[in-house]
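Beneath this line is the structure, given in structure tokens, with notes to follow.
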Amino acid sequence: MKLLLAGLSHKTAPVHLRERLAIPEETLPRALQELQRLGASEAVVLSTCNRVEFAVSSADDVEPGAIVDRFLSDWKGSGSAFDGHIYRLEAREAIQHLFRVAASLDSMVVGEPQILGQLKAAYAAAKSEGTVGGLLEAVLTKAFYVAKRVRSETGIGQMAVSVSYAAVELARQIFGSLKGHTVMIIGSGKMGELAAKHLRRSGASRILVTNRTWQRAQELAQLFEGSAVEYESFRSVLHEVDIVISSSGAKQYILNREDMQRVISQRRNKPIFLIDIAVPRNIDPAVNEIEGVFLKDVDDLEGVVTANLRERGRQADQAERIVADEVDQMMSRLRIEEVTPTIVSLQGQLEEIRAAEVLRALRKMPGLSEADRQQIEVMTKSIINKIAHGPISELRRNAGQPEGSVVIDAIRKVFHLG
Amino acid sequence: MGESSVLWLRVAAGLYSLGLIDAIITVLRRREGLFRMALGAFGVGALFQLVSIVEQGMTQGQLPVSDIFETMSFCAFIITASFLAIYYRYKAASLSVFIFPLVFVMTLVGALRSPVSTWTNPVIRSTWLVIHVVFSLLGYAALLFTAAAAVIYLVQERQLKRKRTSAIYRILPPLGTLDELISKSLGAGFAFITIGIVIGSIWAFIEMGTKWIGYGSIAISFVTWAVYLALVFFRVSAGWRGRKTAILSIVALFCCLVTWFEHAQLRRFTE
């Protein structure tokens, strides 16, 4: 069985090439059928905005690379545009690549969770077209398991790696669950809106919007299904607010120490989280000294992201070790599965010859004692074991290797194994 | 002390106990529990207490503050009357968390003056004591959780305030969760320790008549309870969090430790 993975990703090809190679969902079934028609035993196509990959398995006498080439030239016209961008990985490398992709180690944002779902969808599509069921299926099933193991044994996907998610992460560390909490957005800015959206999705129940332009406040309020608050009086409702996202274009501080002192005593010391993502800053940094007030500016959030990315890197190293370990396990399993029939028939063949020859010899030597007969049995068995030792270890060593099938075939021929 | 005046005082203590229940519910659920009802019971209880004090005063022909029991009851009545007046004027309901349990325990102590016949049955005596010990220890355990959570809260708060956050804040539970834990363990602990002290007082009263009030170690346990009460009060009414809660809960924990140590000795004394 041969296994090939060919494709391109954000690491090897710019977006205009990736989109040219992409297989849209509607044509995916046809593509899978086509690959099988061209000679593939199994085929799975993974097509996302960051990568397009074809995983193909074929019988030993079929070259899977040729199948993919043929498919590309039939479907995508001249294949030369992709030269130098397409990687082709075989056997062990292919397996390792699939494991790494599933575990989100090959993603643009390492650890992002979507890719596993996309790979599962690709597998499901192939399953429903009947183009998996064998080696490739075993590899993919294992890949899903590896992804799960990486996710549960490392913290790779748990840390916020964008500023707006960092805000959510901090809010969670302050309030625990965000359910029932109120968010106020001051001013309008992309990052502020994004953070508010994440907070809303994480359970924040009420969104208040204030803006110097009443019209804009109302628009935003509508967008978040919240309510607009007059800019002149937003301070008077601040005590009801748990999280403030400030990104107004004000030239001086719009919230100072006195304001927050008043708010926090109105809140009876209940914590309040202020996120100041405006430049120049909207909130006097001194408010952070008040007990119960937590102020973070853009730099603080960036700091969280940087620390998280570094931590993700460390987690990724650990994940790579898990992947390597799993690849080894998979390879040795495949290896044994692949050569087991050959080993069994080799041993069977030698034993058959030995048994027949021993029988014939003993018939010619009727005077032998039982002990002598035993001796002959032991000796002949030891001879065939020693003969078989070389080819069997050669078989085991070559199994699963790119050129292994040549060696395996040679051994089968030499010993006349059918 | 006259028979009937003690009876009135016990009725008053019974009515005040509703206030205690209300206070505990308020702490645990963080909203008003039976406040209306407890306030009513409080008013009626105050009347009974007044009757008791007047009767006692008439019997003695002087202001009934001649010993610690009478003084306790008298003092409790003054606190009750003041609270009712303050509530009438300012609607300061949050004070009740502090006042209700305080008045209840003081009145209870006052009502434990005239000695009753000793234990009818040694099993009841030891069961009573076991219940007291179990509830007190549960109260200490809950306070241990409160203090631990309060200290972690402090650390987590520092972490979250820092400009450059380190990875520690991810390991510690969120502030909100800790706050919840503090409230829950504080409320439960306060309930346990109050039941413990009530049962303990009654036990001591039956065991030793009026002598018990003179023991220093018993005074310590009342001080411990008062610290606990203060902790509960400041938290519920003033929303104390962070450093103040941490410090006060550690003080309360220390008091508990002293009380526990003292009482371990006390038991050796009585047996």
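Chain labels A, B, ... are given in the sequence in which chains occur in the structure tokens; within each chain residues are numbered consecutively from 1, and ligands are likewise numbered from 1 in the order shown.
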
Can you list, as a list of chain:residue names, every residue of range 152-343 of chain A that DSSP puts in strand (DSSP E)?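 Reading the DSSP output for range 152-343 of chain A, strand (DSSP E) covers A:Thr182, A:Val183, A:Met184, A:Ile185, A:Ile186, A:Arg206, A:Ile207, A:Leu208, A:Val209, A:Thr210, A:Asn211, A:Ser227, A:Ala228, A:Val229, A:Glu230, A:Ile243, A:Val244, A:Ile245, A:Ser246, A:Ile272, A:Phe273, A:Leu274, A:Ile275, A:Asp276, A:Val293, A:Phe294, A:Leu295, A:Lys296, A:Asp297.
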
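Using only C-alpha atoms, the chain A residues found within 8 Å of chain B amount to A:Leu170, A:Arg172, A:Gln173, A:Ile174, A:Phe175, A:Gly176, A:Ser177, A:Arg268, A:Asn269, A:Lys270, A:Asn288, A:Glu291, A:Phe294, A:Leu295, A:Lys296, A:Asp300, A:Gly303, A:Val304, A:Ala307.
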
Helix (DSSP H, G or I) per DSSP on the backbone: members of range 3-175 of chain B, as an MDAnalysis selection string: chainID B and resid 3:29 35:60 68:90 93:111 122:161 168:171 175

When you count only C-alpha atoms, which of these residues is closest to Ile218 in chain B: B:Ile21, B:Leu143, B:Ile197, B:Leu15?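 Of B:Ile21, B:Leu143, B:Ile197, B:Leu15, the one nearest Ile218 in chain B is B:Ile197, counting only C-alpha atoms.
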
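Straight-line separation from CA of Ser382 in chain A to CA of Arg412 in chain A: 21.5 Å.
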
To one decimal place in Å, what is the distance between CA of Thr380 in chain A and CA of Arg354 in chain A?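 Separating CA of Thr380 in chain A from CA of Arg354 in chain A is a distance of 6.7 Å.
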
Atomic separation - CA of Leu119 in chain A relative to CA of Glu19 in chain A, Å: 17.7 Å

Pick out the closest residue to Thr48 in chain A from this set: A:Asn211, A:Ser73, A:Ser9, A:Ser104. Count only C-alpha atoms.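 For Thr48 in chain A, the nearest of the candidates is A:Ser9.
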
List the spatial neighbours of Glu262 in chain B as a PDB file with C-alpha atoms, in the first residue's frame - criterion: any atom at most 9 Å away, only C-alpha atoms, same-chain residues fewer than 5 positions off excluded.
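Dumped everything to result-v9.pdb:
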```
ATOM      1  CA  GLY B 216     -12.180  33.242  80.497  1.00  0.00           C
ATOM      2  CA  SER B 217     -12.150  30.647  77.779  1.00  0.00           C
ATOM      3  CA  ILE B 218     -15.876  31.058  77.278  1.00  0.00           C
ATOM      4  CA  ILE B 220     -12.833  34.120  74.309  1.00  0.00           C
ATOM      5  CA  SER B 221     -15.294  32.056  72.340  1.00  0.00           C
ATOM      6  CA  LEU B 257      -7.567  28.663  66.994  1.00  0.00           C
ATOM      7  CA  ARG B 267     -12.815  19.908  78.751  1.00  0.00           C
TER       8      ARG B 267
END
```

Compile the contact shell of range 77-88 of chain B as a list in words: residues with an atom at most 10 Å away, counting only C-alpha atoms, same-chain residues fewer than 4 positions apart removed. Tyr16, Leu39, Phe42, Gly43, Gly45, Ala46, Leu47, Phe48, Gln49, Leu50, Ile53, Thr71, Met72, Ser73, Ala92, Ala93, Ser94, Leu95, Ser96, Ile99, Phe100, Leu102, Val103, Phe104, Met106 and Thr107 of chain B

Find the residue from A:Leu334, A:Leu21, A:Val109, A:Ala286 that sits nearest to Ser162 in chain A; use only C-alpha atoms when measuring. A:Val109

Between A:Glu25, A:Glu53, A:Glu403, A:Glu112, which one has atoms that come closest to His85 in chain A, using only C-alpha atoms?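 Residue with the minimum atom-to-atom distance to His85 in chain A: A:Glu53.
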
Selection: 9 Å around Leu181 in chain B, only C-alpha atoms, excl. self and same-chain fewer than 5 positions, as a ChimeraX atom specification: /B:145-146,149,176,186

Using only C-alpha atoms, find each residue of range 280-349 of chain A with at least one atom at most 6 Å away from an atom of range 234-256 of chain A; report its shortest atom-to-atom pair and that distance in Å (one decimal), sort the rows by chain and rising residue number, and return the result as CSV.
```
residue,atom,partner,partner_atom,distance
A:Asn282,CA,A:Tyr253,CA,4.6
A:Ile283,CA,A:Leu255,CA,4.9
A:Asp284,CA,A:Asn256,CA,5.1
```

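With only C-alpha atoms taken into account, the protein and nucleic acid residues at most 12 Å from Pro14 in chain A (excluding it and anything under 4 positions from it in its own chain) are Leu8, Ser9, His10, Arg18, Glu19, Arg20, Leu21, Cys49, Asn50, Arg51, Val52, Ala81, Phe82, Gly84, His85 and Ile86 of chain A.
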